[in-house]
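Colleague: What follows is start22.txt; its format and atoms are compact mmCIF, C-alpha atoms and all ligand atoms.
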# COMPACT_ATOMS: atom_id res chain seq x y z
CA MET A 19 -11.47 19.14 -13.13
CA ASP A 20 -12.77 17.04 -10.29
CA LEU A 21 -10.89 16.88 -7.02
CA LEU A 22 -9.57 13.33 -7.33
CA LEU A 23 -8.23 14.01 -10.83
CA GLN A 24 -6.52 17.16 -9.57
CA GLN A 25 -4.95 15.24 -6.69
CA ILE A 26 -3.76 12.48 -9.03
CA ALA A 27 -2.23 15.12 -11.31
CA THR A 28 -0.47 16.88 -8.40
CA ALA A 29 0.99 13.65 -6.98
CA THR A 30 2.04 12.52 -10.47
CA THR A 31 3.76 15.82 -11.26
CA TYR A 32 5.60 15.66 -7.93
CA LEU A 33 6.85 12.14 -8.62
CA GLN A 34 7.86 13.08 -12.16
CA SER A 35 10.18 15.72 -10.66
CA PHE A 36 12.55 12.91 -9.60
CA PRO A 37 15.05 12.14 -12.34
CA PHE A 38 13.94 8.70 -13.49
CA GLU A 39 12.49 7.20 -16.60
CA GLN A 40 8.82 6.23 -16.93
CA PRO A 41 8.18 3.20 -14.70
CA ARG A 42 6.78 0.22 -16.60
CA VAL A 43 5.80 -2.02 -13.70
CA GLY A 44 4.09 -1.17 -10.41
CA VAL A 45 4.43 -3.37 -7.34
CA VAL A 46 2.48 -3.36 -4.08
CA LEU A 47 4.27 -5.17 -1.26
CA GLY A 48 2.06 -6.63 1.45
CA THR A 49 2.43 -7.27 5.16
CA GLY A 50 5.91 -8.57 6.03
CA LEU A 51 6.85 -8.67 2.33
CA GLY A 52 9.56 -6.10 1.68
CA GLU A 53 12.44 -8.23 0.44
CA LEU A 54 11.90 -7.28 -3.22
CA VAL A 55 13.71 -4.08 -2.35
CA ASN A 56 16.95 -6.12 -2.25
CA HIS A 57 16.45 -6.97 -5.94
CA LEU A 58 16.02 -3.32 -6.87
CA LYS A 59 18.73 -0.99 -8.04
CA ILE A 60 17.19 1.89 -6.13
CA ALA A 61 17.19 5.37 -7.65
CA HIS A 62 14.86 7.11 -5.17
CA THR A 63 13.12 6.21 -1.91
CA ILE A 64 10.28 8.64 -1.32
CA PRO A 65 8.42 8.56 2.03
CA TYR A 66 4.65 8.62 1.56
CA GLN A 67 4.33 11.71 3.74
CA GLN A 68 6.32 13.70 1.17
CA ILE A 69 3.95 12.86 -1.68
CA PRO A 70 1.03 15.24 -2.12
CA HIS A 71 -2.33 13.63 -1.20
CA PHE A 72 -0.82 10.25 -0.31
CA PRO A 73 -2.25 8.83 2.89
CA GLU A 74 0.29 7.86 5.54
CA SER A 75 0.61 4.24 6.54
CA THR A 76 -0.64 3.95 10.13
CA VAL A 77 0.31 0.31 10.63
CA GLU A 78 3.65 0.24 12.43
CA PHE A 79 4.94 -2.88 10.66
CA HIS A 80 4.26 -1.40 7.23
CA LYS A 81 6.98 0.80 5.87
CA GLY A 82 5.65 3.77 3.96
CA ASN A 83 7.88 4.42 0.98
CA LEU A 84 7.50 4.65 -2.73
CA ILE A 85 10.62 3.33 -4.41
CA LEU A 86 11.80 4.08 -7.94
CA GLY A 87 14.41 1.71 -9.28
CA HIS A 88 15.32 -0.99 -11.78
CA ILE A 89 15.12 -4.76 -11.78
CA GLY A 90 17.27 -5.81 -14.73
CA ASN A 91 16.50 -3.13 -17.29
CA THR A 92 12.87 -2.73 -16.22
CA PRO A 93 11.99 0.55 -14.52
CA VAL A 94 9.82 -0.18 -11.49
CA ILE A 95 7.78 1.77 -8.98
CA ALA A 96 7.27 -0.19 -5.77
CA MET A 97 5.05 0.55 -2.81
CA GLN A 98 6.78 -0.56 0.37
CA GLY A 99 3.64 -0.83 2.47
CA ARG A 100 0.04 -0.31 1.43
CA PHE A 101 -3.10 1.26 2.86
CA HIS A 102 -6.00 -0.70 4.31
CA TYR A 103 -9.64 0.21 4.79
CA TYR A 104 -9.41 -0.85 8.45
CA GLU A 105 -6.94 1.98 9.06
CA GLY A 106 -9.84 4.37 8.59
CA TYR A 107 -9.12 5.61 5.09
CA THR A 108 -11.73 5.78 2.40
CA MET A 109 -11.58 3.29 -0.43
CA GLN A 110 -10.62 6.15 -2.74
CA GLN A 111 -7.63 6.93 -0.52
CA ILE A 112 -6.35 3.37 -0.32
CA THR A 113 -6.51 3.00 -4.10
CA PHE A 114 -5.12 6.47 -4.86
CA PRO A 115 -1.55 5.16 -5.38
CA ILE A 116 -2.78 2.75 -8.06
CA ARG A 117 -4.25 5.65 -10.04
CA VAL A 118 -1.04 7.64 -9.58
CA MET A 119 1.17 4.75 -10.71
CA LYS A 120 -1.03 4.32 -13.78
CA ALA A 121 -0.77 8.05 -14.50
CA LEU A 122 3.02 7.70 -14.25
CA GLY A 123 2.86 5.16 -17.05
CA ILE A 124 2.96 1.66 -15.54
CA GLU A 125 1.74 -1.04 -17.91
CA GLN A 126 1.45 -3.92 -15.42
CA LEU A 127 0.84 -4.26 -11.70
CA LEU A 128 1.99 -6.99 -9.30
CA LEU A 129 0.55 -7.23 -5.79
CA SER A 130 1.41 -9.36 -2.79
CA ASN A 131 -0.32 -9.95 0.51
CA ALA A 132 -0.36 -12.09 3.63
CA ALA A 133 -3.51 -14.20 3.86
CA GLY A 134 -5.15 -16.88 5.93
CA GLY A 135 -5.31 -20.25 4.13
CA MET A 136 -8.74 -21.87 4.33
CA ASN A 137 -8.18 -24.46 1.62
CA PRO A 138 -7.02 -27.52 3.59
CA SER A 139 -4.37 -28.35 0.98
CA TYR A 140 -2.54 -25.08 1.75
CA LYS A 141 0.32 -24.99 4.25
CA LYS A 142 1.89 -22.07 6.07
CA GLY A 143 4.40 -20.35 3.82
CA ASP A 144 2.78 -21.52 0.55
CA LEU A 145 2.61 -19.01 -2.30
CA ILE A 146 -0.78 -18.85 -3.97
CA LEU A 147 -1.50 -17.18 -7.30
CA LEU A 148 -4.89 -15.47 -7.15
CA GLU A 149 -7.16 -16.75 -9.89
CA ASP A 150 -10.21 -14.77 -8.74
CA HIS A 151 -11.62 -12.92 -5.74
CA ILE A 152 -14.73 -12.17 -3.71
CA ASN A 153 -15.22 -8.63 -2.46
CA MET A 154 -16.58 -8.70 1.09
CA GLN A 155 -15.25 -5.29 2.00
CA PRO A 156 -18.08 -3.00 3.10
CA GLU A 157 -17.30 -0.36 0.48
CA ASN A 158 -16.24 -0.09 -3.12
CA PRO A 159 -13.51 2.22 -4.46
CA LEU A 160 -15.61 3.03 -7.53
CA ARG A 161 -18.60 4.28 -5.53
CA GLY A 162 -19.45 7.92 -6.17
CA LEU A 163 -19.40 10.18 -9.17
CA ASN A 164 -17.39 8.59 -11.95
CA SER A 165 -15.46 10.88 -14.22
CA ALA A 166 -14.91 9.32 -17.64
CA ALA A 167 -11.19 9.82 -16.96
CA TYR A 168 -11.30 7.22 -14.16
CA GLY A 169 -12.41 4.53 -16.58
CA PRO A 170 -15.76 2.84 -17.22
CA ARG A 171 -18.60 3.23 -14.70
CA PHE A 172 -19.29 -0.52 -14.69
CA PRO A 173 -15.97 -2.27 -15.27
CA ASP A 174 -16.09 -5.87 -16.40
CA MET A 175 -14.68 -8.28 -13.80
CA SER A 176 -14.94 -11.56 -15.68
CA CYS A 177 -11.15 -11.93 -15.65
CA PRO A 178 -9.74 -9.61 -12.96
CA TYR A 179 -6.26 -11.20 -12.90
CA ASN A 180 -4.26 -11.20 -16.11
CA PRO A 181 -3.68 -14.81 -17.24
CA ALA A 182 -0.47 -14.04 -19.17
CA LEU A 183 1.08 -12.35 -16.14
CA GLY A 184 -0.05 -15.28 -13.98
CA GLU A 185 1.61 -17.72 -16.38
CA LYS A 186 4.86 -15.77 -16.18
CA LEU A 187 4.77 -15.89 -12.36
CA GLN A 188 4.06 -19.61 -12.49
CA ALA A 189 6.91 -20.22 -14.96
CA VAL A 190 9.47 -18.39 -12.80
CA ALA A 191 8.23 -20.07 -9.59
CA THR A 192 8.40 -23.49 -11.24
CA ALA A 193 11.92 -22.80 -12.52
CA LEU A 194 12.86 -21.93 -8.91
CA GLY A 195 11.52 -25.33 -7.84
CA ALA A 196 8.47 -23.95 -6.03
CA PRO A 197 5.39 -24.04 -8.29
CA LEU A 198 2.57 -21.77 -7.17
CA LYS A 199 -0.78 -23.13 -6.08
CA SER A 200 -3.79 -21.10 -7.13
CA GLY A 201 -6.94 -20.00 -5.40
CA VAL A 202 -9.77 -17.56 -4.75
CA TYR A 203 -9.14 -14.72 -2.29
CA VAL A 204 -11.89 -13.14 -0.24
CA SER A 205 -11.21 -9.64 1.08
CA VAL A 206 -12.77 -8.67 4.41
CA MET A 207 -12.52 -5.44 6.38
CA GLY A 208 -10.70 -6.74 9.46
CA PRO A 209 -8.77 -5.78 11.48
CA ASN A 210 -9.75 -8.70 13.70
CA LEU A 211 -9.03 -12.16 12.38
CA GLU A 212 -12.03 -14.43 11.79
CA THR A 213 -14.04 -16.59 14.13
CA ARG A 214 -14.33 -20.31 13.40
CA ALA A 215 -17.88 -19.73 12.16
CA GLU A 216 -16.68 -16.99 9.83
CA TYR A 217 -13.93 -19.19 8.34
CA ARG A 218 -16.55 -21.89 7.75
CA PHE A 219 -18.83 -19.34 6.06
CA LEU A 220 -16.07 -17.84 3.88
CA ARG A 221 -14.92 -21.30 2.80
CA MET A 222 -18.51 -22.23 1.91
CA MET A 223 -18.70 -19.10 -0.26
CA GLY A 224 -15.95 -20.53 -2.43
CA ALA A 225 -12.87 -18.79 -1.07
CA ASP A 226 -9.51 -20.49 -0.50
CA LEU A 227 -7.81 -17.52 1.17
CA VAL A 228 -8.87 -14.59 3.33
CA GLY A 229 -7.18 -11.25 3.81
CA MET A 230 -7.81 -7.56 4.35
CA SER A 231 -6.42 -5.95 1.21
CA THR A 232 -5.75 -6.31 -2.53
CA VAL A 233 -9.32 -6.46 -3.85
CA PRO A 234 -9.92 -2.67 -3.80
CA GLU A 235 -6.63 -2.15 -5.65
CA VAL A 236 -7.50 -4.85 -8.18
CA ILE A 237 -10.94 -3.33 -8.78
CA VAL A 238 -9.32 0.02 -9.58
CA ALA A 239 -6.65 -1.63 -11.73
CA ASN A 240 -9.45 -3.27 -13.73
CA GLN A 241 -11.25 0.03 -14.13
CA LEU A 242 -7.96 1.48 -15.39
CA GLN A 243 -7.53 -1.52 -17.72
CA LEU A 244 -4.19 -2.15 -16.05
CA PRO A 245 -3.21 -5.84 -16.26
CA CYS A 246 -2.47 -7.16 -12.78
CA ALA A 247 -1.56 -10.32 -10.92
CA ALA A 248 -1.43 -11.05 -7.20
CA VAL A 249 0.29 -13.63 -5.00
CA SER A 250 -0.68 -14.42 -1.41
CA VAL A 251 1.58 -15.91 1.23
CA VAL A 252 -0.34 -18.28 3.47
CA THR A 253 0.55 -17.05 6.95
CA ASP A 254 -1.91 -19.09 9.02
CA GLU A 255 -3.95 -22.24 8.48
CA CYS A 256 -7.61 -21.48 9.05
CA ASP A 257 -9.19 -24.84 9.80
CA PRO A 258 -12.33 -24.09 11.80
CA ASP A 259 -12.31 -27.56 13.36
CA ASN A 260 -8.74 -27.17 14.57
CA LEU A 261 -8.13 -23.46 14.94
CA HIS A 262 -5.18 -22.18 16.93
CA PRO A 263 -4.89 -18.62 18.20
CA VAL A 264 -2.70 -16.55 15.86
CA SER A 265 -1.03 -13.21 16.44
CA ILE A 266 0.02 -10.56 13.96
CA GLU A 267 3.63 -11.20 15.03
CA GLU A 268 3.34 -14.83 13.89
CA ILE A 269 1.70 -13.73 10.63
CA ILE A 270 4.59 -11.35 9.97
CA ALA A 271 7.17 -14.00 10.89
CA VAL A 272 5.69 -16.54 8.45
CA ALA A 273 5.41 -13.89 5.72
CA GLY A 274 9.07 -13.00 6.38
CA LYS A 275 10.16 -16.60 5.78
CA ALA A 276 8.33 -16.84 2.45
CA ASP A 277 9.38 -13.37 1.38
CA LYS A 278 12.69 -14.40 -0.20
CA LEU A 279 11.02 -16.83 -2.58
CA LEU A 280 8.14 -14.48 -3.40
CA SER A 281 10.59 -11.67 -4.12
CA SER A 282 12.69 -13.91 -6.39
CA VAL A 283 9.54 -14.83 -8.30
CA PHE A 284 8.48 -11.20 -8.71
CA ALA A 285 12.02 -10.12 -9.62
CA GLY A 286 12.35 -12.90 -12.18
CA VAL A 287 9.12 -11.87 -13.88
CA ILE A 288 9.84 -8.15 -13.76
CA ALA A 289 13.35 -8.56 -15.21
CA GLY A 290 11.79 -10.29 -18.22
CA LEU A 291 9.03 -7.73 -18.87
N1 LIG B 1 -7.71 -13.56 8.14
C1 LIG B 1 -7.70 -12.34 7.60
N2 LIG B 1 -6.61 -11.73 7.19
C2 LIG B 1 -5.45 -12.39 7.32
C3 LIG B 1 -5.39 -13.66 7.87
C4 LIG B 1 -6.58 -14.27 8.31
O1 LIG B 1 -6.59 -15.41 8.82
N3 LIG B 1 -4.09 -14.02 7.86
C5 LIG B 1 -3.39 -13.01 7.31
N4 LIG B 1 -4.21 -12.02 6.99
I need this file expressed as structure tokens, please.

Modeller:
Amino acid sequence: MDLLLQQIATATTYLQSFPFEQPRVGVVLGTGLGELVNHLKIAHTIPYQQIPHFPESTVEFHKGNLILGHIGNTPVIAMQGRFHYYEGYTMQQITFPIRVMKALGIEQLLLSNAAGGMNPSYKKGDLILLEDHINMQPENPLRGLNSAAYGPRFPDMSCPYNPALGEKLQAVATALGAPLKSGVYVSVMGPNLETRAEYRFLRMMGADLVGMSTVPEVIVANQLQLPCAAVSVVTDECDPDNLHPVSIEEIIAVAGKADKLLSSVFAGVIAGL
């Protein structure tokens, strides 16, 4: 068996040793977006460093726990904090948890992130449903030998975000009085934020939002044929003609304010799955 498959099997067996039913939904919580935990009836909180072959989150504002619990009657596995390429991990490492969650049995995946809003109609704190993405990360999680067990060598990406799951998110958000906007997310390596010229360039490419995550995980989810949906919180307005300096503290503060609504939207969808 190849090394990655062995590592997936070891991590999966470890997580199956916790008394809990098979999780049906996986969730990845992005920067400053941990509030969903308050909707969870938590059964187990497992620090990443206890899980075989899991990388450790190196970003101090990202918690590093895998949580098993229920929202309504739906068994959920939630990642409180994710891994980024800019932390120095390989693409295979940052997407390892997605493969493990799939091996544990999840049928759907929800992701969140903090992103810069380049579409001028977006405002700080808006929630944006990803309709598509552009991969500008310098690496691809599917590069390298591809065991048939990983999924197809050349996964189709004509519809990377599941429309039915997107519609459910939109329906819950609308019922909460806060309909989602939608947009195209471009993923860059970071960790620096962009220059004015880069925002202009990324906007010209057709992107509405820019961030440093999500796309590698979505590529792997598509290879695994795991339906997924993602929502970004606009944490800064990236108008190259009127750009203000922005700090990570401000990004986290804005994400924190939108977190309650985002978490209610996710929880509403998950409870109905
Ligand atoms: N650029 C890249 N990543 C980000 C941004 C941004 O402006 N805001 C939040 N994450």

Colleague: Residues up to 8 Å from ligand LIG 1 (chain B), counting all atoms listed in the file: could you list those as a count of residues only?

Modeller: 23

Colleague: Residues near range 85-93 of chain A, anyone? I mean within 8 Å using all atoms listed in the file, not counting same-chain ones fewer than 2 positions away, as a PDB file with C-alpha atoms, in the frame of the given file.

Modeller:
ATOM      1  CA  PHE A  38      13.940   8.700 -13.490  1.00  0.00           C
ATOM      2  CA  GLU A  39      12.490   7.200 -16.600  1.00  0.00           C
ATOM      3  CA  GLN A  40       8.820   6.230 -16.930  1.00  0.00           C
ATOM      4  CA  PRO A  41       8.180   3.200 -14.700  1.00  0.00           C
ATOM      5  CA  ARG A  42       6.780   0.220 -16.600  1.00  0.00           C
ATOM      6  CA  VAL A  43       5.800  -2.020 -13.700  1.00  0.00           C
ATOM      7  CA  HIS A  57      16.450  -6.970  -5.940  1.00  0.00           C
ATOM      8  CA  LEU A  58      16.020  -3.320  -6.870  1.00  0.00           C
ATOM      9  CA  LYS A  59      18.730  -0.990  -8.040  1.00  0.00           C
ATOM     10  CA  ILE A  60      17.190   1.890  -6.130  1.00  0.00           C
ATOM     11  CA  ALA A  61      17.190   5.370  -7.650  1.00  0.00           C
ATOM     12  CA  HIS A  62      14.860   7.110  -5.170  1.00  0.00           C
ATOM     13  CA  THR A  63      13.120   6.210  -1.910  1.00  0.00           C
ATOM     14  CA  ILE A  64      10.280   8.640  -1.320  1.00  0.00           C
ATOM     15  CA  ASN A  83       7.880   4.420   0.980  1.00  0.00           C
ATOM     16  CA  ILE A  95       7.780   1.770  -8.980  1.00  0.00           C
ATOM     17  CA  ALA A  96       7.270  -0.190  -5.770  1.00  0.00           C
ATOM     18  CA  MET A  97       5.050   0.550  -2.810  1.00  0.00           C
ATOM     19  CA  GLN A  98       6.780  -0.560   0.370  1.00  0.00           C
ATOM     20  CA  ALA A 285      12.020 -10.120  -9.620  1.00  0.00           C
ATOM     21  CA  ILE A 288       9.840  -8.150 -13.760  1.00  0.00           C
ATOM     22  CA  ALA A 289      13.350  -8.560 -15.210  1.00  0.00           C
ATOM     23  CA  GLY A 290      11.790 -10.290 -18.220  1.00  0.00           C
ATOM     24  CA  LEU A 291       9.030  -7.730 -18.870  1.00  0.00           C
TER      25      LEU A 291
END

Colleague: Kindly indicate which residue among A:Gly44, A:Tyr203, A:Phe36, A:Gly274 lies nearest to Arg117 in chain A, using all atoms listed in the file for the distances.

Modeller: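 The answer is A:Gly44, which sits nearest to Arg117 in chain A.
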
Colleague: From the list A:Leu198, A:Tyr103, A:Asn158, A:Pro258, which residue is nearest Ala215 in chain A when using only C-alpha atoms?

Modeller: A:Pro258

Colleague: Report the distance between CA of Cys177 in chain A and CA of Glu149 in chain A in Å, rounded to one decimal place.

Modeller: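 Spanning CA of Cys177 in chain A to CA of Glu149 in chain A is a straight-line distance of 8.5 Å.
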
Colleague: Range 45-49 of chain A: which residues within 10 Å, counting only C-alpha atoms, same-chain residues fewer than 5 positions away excluded, as an NGL selection string?

Modeller: :A and (54-55 or 77 or 79-81 or 84-85 or 94-101 or 115-116 or 119 or 124 or 126-133 or 231-232 or 235 or 246-251 or 266 or 269-270 or 273-274 or 277 or 281 or 284 or 288)

Colleague: In Å to one decimal, how far is CA of Ala225 in chain A from CA of Asn260 in chain A?

Modeller: 18.2 Å

Colleague: Could you tell me which of A:Arg221, A:Ala27, A:Gly162, A:Gln241 comes closest to Ala121 in chain A if we count only C-alpha atoms?

Modeller: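 That would be A:Ala27, the residue with the smallest distance to Ala121 in chain A.
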
Colleague: Point out the residue among A:Tyr217, A:Ile26, A:Leu163, A:Leu145 with the least atom-to-atom distance to Ser200 in chain A, counting all atoms listed in the file.

Modeller: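 Ranked by minimum distance to Ser200 in chain A, first place goes to A:Leu145.
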
Colleague: For range 225-246 of chain A, which lacks atoms in the input, supply N, CA and C atoms and format the output as a tab-separated table (two decimals), keeping the file's coordinate frame.

Modeller:
chain	number	residue	atom	x	y	z
A	225	ALA	N	-14.19	-19.41	-1.19
A	225	ALA	CA	-12.87	-18.79	-1.07
A	225	ALA	C	-11.85	-19.78	-0.51
A	226	ASP	N	-10.61	-19.66	-1.01
A	226	ASP	CA	-9.51	-20.49	-0.50
A	226	ASP	C	-8.64	-19.72	0.49
A	227	LEU	N	-8.67	-18.39	0.37
A	227	LEU	CA	-7.81	-17.52	1.17
A	227	LEU	C	-8.61	-16.35	1.67
A	228	VAL	N	-8.21	-15.81	2.84
A	228	VAL	CA	-8.87	-14.59	3.33
A	228	VAL	C	-7.82	-13.58	3.76
A	229	GLY	N	-8.09	-12.33	3.42
A	229	GLY	CA	-7.18	-11.25	3.81
A	229	GLY	C	-7.93	-9.92	3.83
A	230	MET	N	-7.18	-8.87	4.11
A	230	MET	CA	-7.81	-7.56	4.35
A	230	MET	C	-7.40	-6.51	3.32
A	231	SER	N	-6.95	-6.94	2.16
A	231	SER	CA	-6.42	-5.95	1.21
A	231	SER	C	-6.69	-6.41	-0.22
A	232	THR	N	-5.92	-5.87	-1.14
A	232	THR	CA	-5.75	-6.31	-2.53
A	232	THR	C	-6.97	-6.09	-3.42
A	233	VAL	N	-8.15	-6.53	-2.96
A	233	VAL	CA	-9.32	-6.46	-3.85
A	233	VAL	C	-9.65	-5.01	-4.25
A	234	PRO	N	-9.64	-4.03	-3.34
A	234	PRO	CA	-9.92	-2.67	-3.80
A	234	PRO	C	-8.93	-2.22	-4.87
A	235	GLU	N	-7.65	-2.55	-4.68
A	235	GLU	CA	-6.63	-2.15	-5.65
A	235	GLU	C	-6.86	-2.84	-7.00
A	236	VAL	N	-7.27	-4.10	-6.93
A	236	VAL	CA	-7.50	-4.85	-8.18
A	236	VAL	C	-8.74	-4.33	-8.90
A	237	ILE	N	-9.75	-3.91	-8.15
A	237	ILE	CA	-10.94	-3.33	-8.78
A	237	ILE	C	-10.54	-2.07	-9.55
A	238	VAL	N	-9.74	-1.23	-8.91
A	238	VAL	CA	-9.32	0.02	-9.58
A	238	VAL	C	-8.41	-0.30	-10.77
A	239	ALA	N	-7.52	-1.25	-10.61
A	239	ALA	CA	-6.65	-1.63	-11.73
A	239	ALA	C	-7.50	-2.08	-12.92
A	240	ASN	N	-8.58	-2.81	-12.65
A	240	ASN	CA	-9.45	-3.27	-13.73
A	240	ASN	C	-10.18	-2.09	-14.36
A	241	GLN	N	-10.61	-1.14	-13.54
A	241	GLN	CA	-11.25	0.03	-14.13
A	241	GLN	C	-10.27	0.77	-15.03
A	242	LEU	N	-8.99	0.79	-14.61
A	242	LEU	CA	-7.96	1.48	-15.39
A	242	LEU	C	-7.44	0.63	-16.56
A	243	GLN	N	-7.98	-0.58	-16.69
A	243	GLN	CA	-7.53	-1.52	-17.72
A	243	GLN	C	-6.02	-1.75	-17.62
A	244	LEU	N	-5.59	-1.91	-16.38
A	244	LEU	CA	-4.19	-2.15	-16.05
A	244	LEU	C	-4.04	-3.63	-15.70
A	245	PRO	N	-3.34	-4.41	-16.55
A	245	PRO	CA	-3.21	-5.84	-16.26
A	245	PRO	C	-2.51	-6.06	-14.92
A	246	CYS	N	-3.08	-6.94	-14.09
A	246	CYS	CA	-2.47	-7.16	-12.78
A	246	CYS	C	-2.48	-8.64	-12.42
